file query33.pdb (PDB, C-alpha atoms)
ATOM      1  CA  MET A   2      51.045  91.520  51.971  1.00  0.00           C
ATOM      2  CA  THR A   3      52.485  93.721  54.726  1.00  0.00           C
ATOM      3  CA  ALA A   4      50.064  94.351  57.573  1.00  0.00           C
ATOM      4  CA  PRO A   5      48.630  97.889  57.477  1.00  0.00           C
ATOM      5  CA  ARG A   6      49.922 100.002  60.382  1.00  0.00           C
ATOM      6  CA  PHE A   7      50.689 103.484  61.612  1.00  0.00           C
ATOM      7  CA  LEU A   8      52.940 104.956  64.290  1.00  0.00           C
ATOM      8  CA  LEU A   9      52.364 108.036  66.436  1.00  0.00           C
ATOM      9  CA  VAL A  10      54.866 109.571  68.863  1.00  0.00           C
ATOM     10  CA  HIS A  11      53.951 112.091  71.571  1.00  0.00           C
ATOM     11  CA  PRO A  12      56.133 113.781  74.195  1.00  0.00           C
ATOM     12  CA  VAL A  13      54.733 113.739  77.733  1.00  0.00           C
ATOM     13  CA  ASP A  14      55.719 116.231  80.431  1.00  0.00           C
ATOM     14  CA  ALA A  15      55.644 113.522  83.110  1.00  0.00           C
ATOM     15  CA  PRO A  16      57.687 110.484  84.150  1.00  0.00           C
ATOM     16  CA  PRO A  17      56.850 107.002  82.800  1.00  0.00           C
ATOM     17  CA  ALA A  18      55.201 106.038  86.123  1.00  0.00           C
ATOM     18  CA  ALA A  19      52.559 108.764  85.716  1.00  0.00           C
ATOM     19  CA  VAL A  20      51.972 107.814  82.068  1.00  0.00           C
ATOM     20  CA  TRP A  21      51.666 104.126  82.981  1.00  0.00           C
ATOM     21  CA  GLU A  22      49.172 105.001  85.721  1.00  0.00           C
ATOM     22  CA  VAL A  23      46.940 106.801  83.206  1.00  0.00           C
ATOM     23  CA  LEU A  24      47.269 104.076  80.549  1.00  0.00           C
ATOM     24  CA  THR A  25      46.328 101.296  82.951  1.00  0.00           C
ATOM     25  CA  ASP A  26      43.453 103.043  84.758  1.00  0.00           C
ATOM     26  CA  ILE A  27      40.770 101.462  82.582  1.00  0.00           C
ATOM     27  CA  ALA A  28      37.896 102.533  84.850  1.00  0.00           C
ATOM     28  CA  GLY A  29      39.066 106.154  84.581  1.00  0.00           C
ATOM     29  CA  THR A  30      39.259 106.141  80.787  1.00  0.00           C
ATOM     30  CA  PRO A  31      36.007 108.106  80.235  1.00  0.00           C
ATOM     31  CA  GLN A  32      37.422 110.932  82.373  1.00  0.00           C
ATOM     32  CA  VAL A  33      40.687 110.998  80.375  1.00  0.00           C
ATOM     33  CA  LEU A  34      39.898 110.229  76.726  1.00  0.00           C
ATOM     34  CA  THR A  35      37.523 112.760  75.192  1.00  0.00           C
ATOM     35  CA  GLY A  36      36.051 110.229  72.740  1.00  0.00           C
ATOM     36  CA  VAL A  37      35.253 107.536  75.306  1.00  0.00           C
ATOM     37  CA  GLU A  38      31.751 107.668  76.747  1.00  0.00           C
ATOM     38  CA  GLU A  39      31.619 104.490  78.843  1.00  0.00           C
ATOM     39  CA  VAL A  40      33.753 101.562  79.993  1.00  0.00           C
ATOM     40  CA  GLU A  41      32.532  98.201  81.293  1.00  0.00           C
ATOM     41  CA  ILE A  42      35.299  96.155  82.898  1.00  0.00           C
ATOM     42  CA  LEU A  43      34.811  92.433  82.210  1.00  0.00           C
ATOM     43  CA  THR A  44      37.577  90.972  84.402  1.00  0.00           C
ATOM     44  CA  GLY A  45      38.678  91.566  87.970  1.00  0.00           C
ATOM     45  CA  GLY A  46      42.068  92.323  89.410  1.00  0.00           C
ATOM     46  CA  PRO A  47      44.808  94.744  88.442  1.00  0.00           C
ATOM     47  CA  TYR A  48      45.792  95.656  84.896  1.00  0.00           C
ATOM     48  CA  ALA A  49      47.599  92.639  83.436  1.00  0.00           C
ATOM     49  CA  GLU A  50      47.565  90.235  80.509  1.00  0.00           C
ATOM     50  CA  GLY A  51      44.011  88.971  80.165  1.00  0.00           C
ATOM     51  CA  THR A  52      42.338  92.173  81.406  1.00  0.00           C
ATOM     52  CA  ARG A  53      39.241  92.748  79.242  1.00  0.00           C
ATOM     53  CA  TRP A  54      36.743  95.569  78.922  1.00  0.00           C
ATOM     54  CA  ARG A  55      34.096  97.017  76.617  1.00  0.00           C
ATOM     55  CA  GLU A  56      34.608 100.589  75.543  1.00  0.00           C
ATOM     56  CA  THR A  57      31.926 102.800  74.028  1.00  0.00           C
ATOM     57  CA  ARG A  58      33.270 105.752  72.095  1.00  0.00           C
ATOM     58  CA  SER A  59      32.301 108.300  69.495  1.00  0.00           C
ATOM     59  CA  MET A  60      34.265 108.290  66.272  1.00  0.00           C
ATOM     60  CA  LEU A  61      33.455 109.750  62.873  1.00  0.00           C
ATOM     61  CA  GLY A  62      30.108 110.980  64.150  1.00  0.00           C
ATOM     62  CA  MET A  63      29.004 107.505  65.262  1.00  0.00           C
ATOM     63  CA  THR A  64      28.995 105.706  68.608  1.00  0.00           C
ATOM     64  CA  GLY A  65      30.206 102.132  68.846  1.00  0.00           C
ATOM     65  CA  THR A  66      31.221  99.591  71.460  1.00  0.00           C
ATOM     66  CA  MET A  67      34.273  97.388  71.130  1.00  0.00           C
ATOM     67  CA  GLU A  68      35.776  94.725  73.366  1.00  0.00           C
ATOM     68  CA  LEU A  69      39.465  95.149  74.173  1.00  0.00           C
ATOM     69  CA  GLU A  70      41.976  92.829  75.843  1.00  0.00           C
ATOM     70  CA  VAL A  71      45.458  93.312  77.237  1.00  0.00           C
ATOM     71  CA  VAL A  72      47.711  90.747  75.543  1.00  0.00           C
ATOM     72  CA  GLU A  73      50.999  92.060  76.930  1.00  0.00           C
ATOM     73  CA  ALA A  74      51.893  94.206  79.930  1.00  0.00           C
ATOM     74  CA  GLN A  75      55.437  95.210  80.837  1.00  0.00           C
ATOM     75  CA  PRO A  76      54.868  97.799  83.600  1.00  0.00           C
ATOM     76  CA  LEU A  77      56.343 101.234  82.916  1.00  0.00           C
ATOM     77  CA  HIS A  78      57.595 100.149  79.464  1.00  0.00           C
ATOM     78  CA  ARG A  79      55.041  98.600  77.100  1.00  0.00           C
ATOM     79  CA  THR A  80      51.525  97.297  76.788  1.00  0.00           C
ATOM     80  CA  VAL A  81      49.678  95.692  73.880  1.00  0.00           C
ATOM     81  CA  ILE A  82      45.903  95.830  73.543  1.00  0.00           C
ATOM     82  CA  ARG A  83      43.948  93.761  71.033  1.00  0.00           C
ATOM     83  CA  SER A  84      40.516  94.426  69.585  1.00  0.00           C
ATOM     84  CA  ALA A  85      38.637  93.267  66.508  1.00  0.00           C
ATOM     85  CA  VAL A  86      36.129  94.506  63.991  1.00  0.00           C
ATOM     86  CA  GLY A  87      34.594  91.455  62.402  1.00  0.00           C
ATOM     87  CA  GLU A  88      37.420  89.148  61.389  1.00  0.00           C
ATOM     88  CA  ILE A  89      40.046  91.904  61.281  1.00  0.00           C
ATOM     89  CA  GLY A  90      42.036  92.242  64.481  1.00  0.00           C
ATOM     90  CA  TYR A  91      43.839  95.369  65.633  1.00  0.00           C
ATOM     91  CA  ARG A  92      46.836  95.482  67.968  1.00  0.00           C
ATOM     92  CA  THR A  93      47.611  98.765  69.664  1.00  0.00           C
ATOM     93  CA  VAL A  94      51.115  98.870  71.115  1.00  0.00           C
ATOM     94  CA  PHE A  95      51.947 101.599  73.631  1.00  0.00           C
ATOM     95  CA  THR A  96      55.655 102.030  74.372  1.00  0.00           C
ATOM     96  CA  LEU A  97      57.022 104.380  77.036  1.00  0.00           C
ATOM     97  CA  ARG A  98      60.604 105.642  76.904  1.00  0.00           C
ATOM     98  CA  GLU A  99      62.061 107.846  79.608  1.00  0.00           C
ATOM     99  CA  LEU A 100      63.772 110.930  78.219  1.00  0.00           C
ATOM    100  CA  VAL A 101      66.652 112.913  79.680  1.00  0.00           C
ATOM    101  CA  GLY A 102      65.143 115.070  82.403  1.00  0.00           C
ATOM    102  CA  GLY A 103      62.529 112.495  83.391  1.00  0.00           C
ATOM    103  CA  ASP A 104      59.842 113.169  80.789  1.00  0.00           C
ATOM    104  CA  THR A 105      58.424 110.395  78.607  1.00  0.00           C
ATOM    105  CA  GLU A 106      58.177 109.641  74.924  1.00  0.00           C
ATOM    106  CA  LEU A 107      54.869 107.832  74.370  1.00  0.00           C
ATOM    107  CA  ARG A 108      54.638 105.798  71.175  1.00  0.00           C
ATOM    108  CA  LEU A 109      51.492 104.222  69.788  1.00  0.00           C
ATOM    109  CA  GLU A 110      51.668 101.724  66.961  1.00  0.00           C
ATOM    110  CA  SER A 111      48.433 100.367  65.553  1.00  0.00           C
ATOM    111  CA  VAL A 112      48.653  97.236  63.416  1.00  0.00           C
ATOM    112  CA  ALA A 113      45.896  95.435  61.529  1.00  0.00           C
ATOM    113  CA  GLU A 114      45.887  91.624  61.786  1.00  0.00           C
ATOM    114  CA  LEU A 115      44.294  90.231  58.652  1.00  0.00           C
ATOM    115  CA  PRO A 116      42.849  86.731  58.342  1.00  0.00           C
ATOM    116  CA  VAL A 117      44.727  84.475  55.932  1.00  0.00           C
ATOM    117  CA  ARG A 118      42.885  84.656  52.636  1.00  0.00           C
ATOM    118  CA  ARG A 119      43.600  84.573  48.932  1.00  0.00           C
ATOM    119  CA  GLY A 120      42.163  86.384  45.955  1.00  0.00           C
ATOM    120  CA  PRO A 121      39.592  89.169  46.018  1.00  0.00           C
ATOM    121  CA  ARG A 122      38.638  88.606  49.665  1.00  0.00           C
ATOM    122  CA  ALA A 123      42.242  89.283  50.729  1.00  0.00           C
ATOM    123  CA  LEU A 124      42.154  92.576  48.803  1.00  0.00           C
ATOM    124  CA  VAL A 125      38.844  93.563  50.415  1.00  0.00           C
ATOM    125  CA  ASP A 126      40.167  92.730  53.911  1.00  0.00           C
ATOM    126  CA  GLY A 127      43.319  94.745  53.259  1.00  0.00           C
ATOM    127  CA  ALA A 128      41.325  97.736  52.053  1.00  0.00           C
ATOM    128  CA  SER A 129      38.982  97.482  55.068  1.00  0.00           C
ATOM    129  CA  ALA A 130      41.931  97.325  57.459  1.00  0.00           C
ATOM    130  CA  ARG A 131      43.631 100.338  55.853  1.00  0.00           C
ATOM    131  CA  PHE A 132      40.359 102.288  56.024  1.00  0.00           C
ATOM    132  CA  GLY A 133      39.875 101.310  59.696  1.00  0.00           C
ATOM    133  CA  LEU A 134      43.383 102.458  60.599  1.00  0.00           C
ATOM    134  CA  ALA A 135      43.067 105.703  58.649  1.00  0.00           C
ATOM    135  CA  ALA A 136      39.721 106.428  60.305  1.00  0.00           C
ATOM    136  CA  SER A 137      41.114 105.769  63.782  1.00  0.00           C
ATOM    137  CA  LYS A 138      44.365 107.753  63.406  1.00  0.00           C
ATOM    138  CA  PRO A 139      42.879 111.188  64.337  1.00  0.00           C
ATOM    139  CA  THR A 140      41.151 109.592  67.327  1.00  0.00           C
ATOM    140  CA  MET A 141      44.367 107.905  68.464  1.00  0.00           C
ATOM    141  CA  THR A 142      46.243 111.195  68.035  1.00  0.00           C
ATOM    142  CA  GLN A 143      43.708 112.847  70.350  1.00  0.00           C
ATOM    143  CA  ASP A 144      43.981 109.903  72.771  1.00  0.00           C
ATOM    144  CA  LEU A 145      47.741 110.477  73.062  1.00  0.00           C
ATOM    145  CA  ALA A 146      47.224 114.185  73.737  1.00  0.00           C
ATOM    146  CA  ASP A 147      44.600 113.338  76.386  1.00  0.00           C
ATOM    147  CA  ILE A 148      46.887 110.758  78.035  1.00  0.00           C
ATOM    148  CA  ALA A 149      49.787 113.236  78.037  1.00  0.00           C
ATOM    149  CA  ALA A 150      47.656 115.954  79.652  1.00  0.00           C
ATOM    150  CA  ALA A 151      46.296 113.587  82.326  1.00  0.00           C
ATOM    151  CA  ALA A 152      49.779 112.225  83.112  1.00  0.00           C
ATOM    152  CA  ALA A 153      51.189 115.756  83.411  1.00  0.00           C
ATOM    153  CA  ARG A 154      48.381 116.668  85.855  1.00  0.00           C
ATOM    154  CA  ARG A 155      49.096 113.554  87.955  1.00  0.00           C
ATOM    155  CA  ALA A 156      52.822 114.288  88.001  1.00  0.00           C
ATOM    156  CA  ARG A 157      52.369 117.788  89.450  1.00  0.00           C
TER     157      ARG A 157
END
call {"tool": "encode", "arguments": {"input": "query33.pdb", "output": "structure tokens"}}
result
Amino acid sequence: MTAPRFLLVHPVDAPPAAVWEVLTDIAGTPQVLTGVEEVEILTGGPYAEGTRWRETRSMLGMTGTMELEVVEAQPLHRTVIRSAVGEIGYRTVFTLRELVGGDTELRLESVAELPVRRGPRALVDGASARFGLAASKPTMTQDLADIAAAAARRAR
């Protein structure tokens, strides 16, 4: 079974450095992302592989807290963040590409990581993962718009 996923692409009127600054400012997330209410940073030091935090956000009329971890960080180019809901993991891949003129194309790919199972449980996990991705897509679309707006403000 192919892992459920979706891809979003958003133009940003700012250079990759400004976009990267917004993406990696975990403490500032509640001031940037409209759906995020609170962030609790669990590790010290700069943004890097191993950085972990808890994020409380509103989605679909409910508030929930999730732990997130940076599993890859290539400054100014790409970062991968992992989270989980029960046994289903989610990888969010942000990719920055500089455009002609210095602006940025910001890509977000969200991929469900399903546990290895067979039979009916595999079907249930797949359906749960597809539902989770579908439910989060409008929120992630808004996140990209919020990141783009914050990066454009910082670039001015």
call {"tool": "resolve_selection", "arguments": {"input": "query33.pdb", "expression": "the PyMOL selection byres ((chain A and resi 9-15) around 10)", "output": "ChimeraX atom specification"}}
result
/A:7-8,16-20,95-100,102-111,138,141-142,145-146,148-157
call {"tool": "closest_residue", "arguments": {"input": "query33.pdb", "among": "A:Asp26, A:Glu70, A:Arg83, A:Gly90", "to": "Gly51 of chain A", "atoms": "only C-alpha atoms"}}
result
A:Glu70
call {"tool": "axis_aligned_box", "arguments": {"input": "query33.pdb", "around": "segment 52-65 of chain A", "padding_each_side": "4 Å", "output": "AutoDock Vina command-line options"}}
result
--center_x 35.7 --center_y 101.6 --center_z 72.1 --size_x 21.3 --size_y 26.8 --size_z 26.5
call {"tool": "closest_residue", "arguments": {"input": "query33.pdb", "among": "A:Ile42, A:Met67, A:Ile82, A:Leu24", "to": "Val112 of chain A", "atoms": "all atoms listed in the file"}}
result
A:Ile82
call {"tool": "residues_around", "arguments": {"input": "query33.pdb", "residues": "segment 32-35 of chain A", "least_positions_apart": "2", "cutoff": "7 Å", "atoms": "all atoms listed in the file", "output": "list in words"}}
result
Gly29, Thr30, Val37, Asp144, Asp147, Ile148 and Ala151 of chain A
call {"tool": "closest_residue", "arguments": {"input": "query33.pdb", "among": "A:Ala113, A:Gly36, A:Gln143, A:Thr44", "to": "Met60 of chain A", "atoms": "only C-alpha atoms"}}
result
A:Gly36
call {"tool": "closest_residue", "arguments": {"input": "query33.pdb", "among": "A:Glu114, A:Gly65, A:Gly45, A:Pro31", "to": "Ala85 of chain A", "atoms": "only C-alpha atoms"}}
result
A:Glu114
call {"tool": "resolve_selection", "arguments": {"input": "query33.pdb", "expression": "the PyMOL selection byres ((chain A and resi 55) around 9)", "output": "number ranges by chain"}}
result
A: 39-43, 53-54, 56-57, 66-70
call {"tool": "closest_residue", "arguments": {"input": "query33.pdb", "among": "A:Thr140, A:Thr64, A:Thr52, A:Gln75", "to": "Trp21 of chain A", "atoms": "all atoms listed in the file"}}
result
A:Gln75
call {"tool": "closest_residue", "arguments": {"input": "query33.pdb", "among": "A:Gly46, A:Ser59, A:Arg92, A:Ser137", "to": "Thr80 of chain A", "atoms": "all atoms listed in the file"}}
result
A:Arg92
call {"tool": "residues_around", "arguments": {"input": "query33.pdb", "residues": "Glu50 of chain A", "least_positions_apart": "3", "cutoff": "7 Å", "atoms": "only C-alpha atoms", "output": "PyMOL selection string"}}
result
chain A and resi 71-74
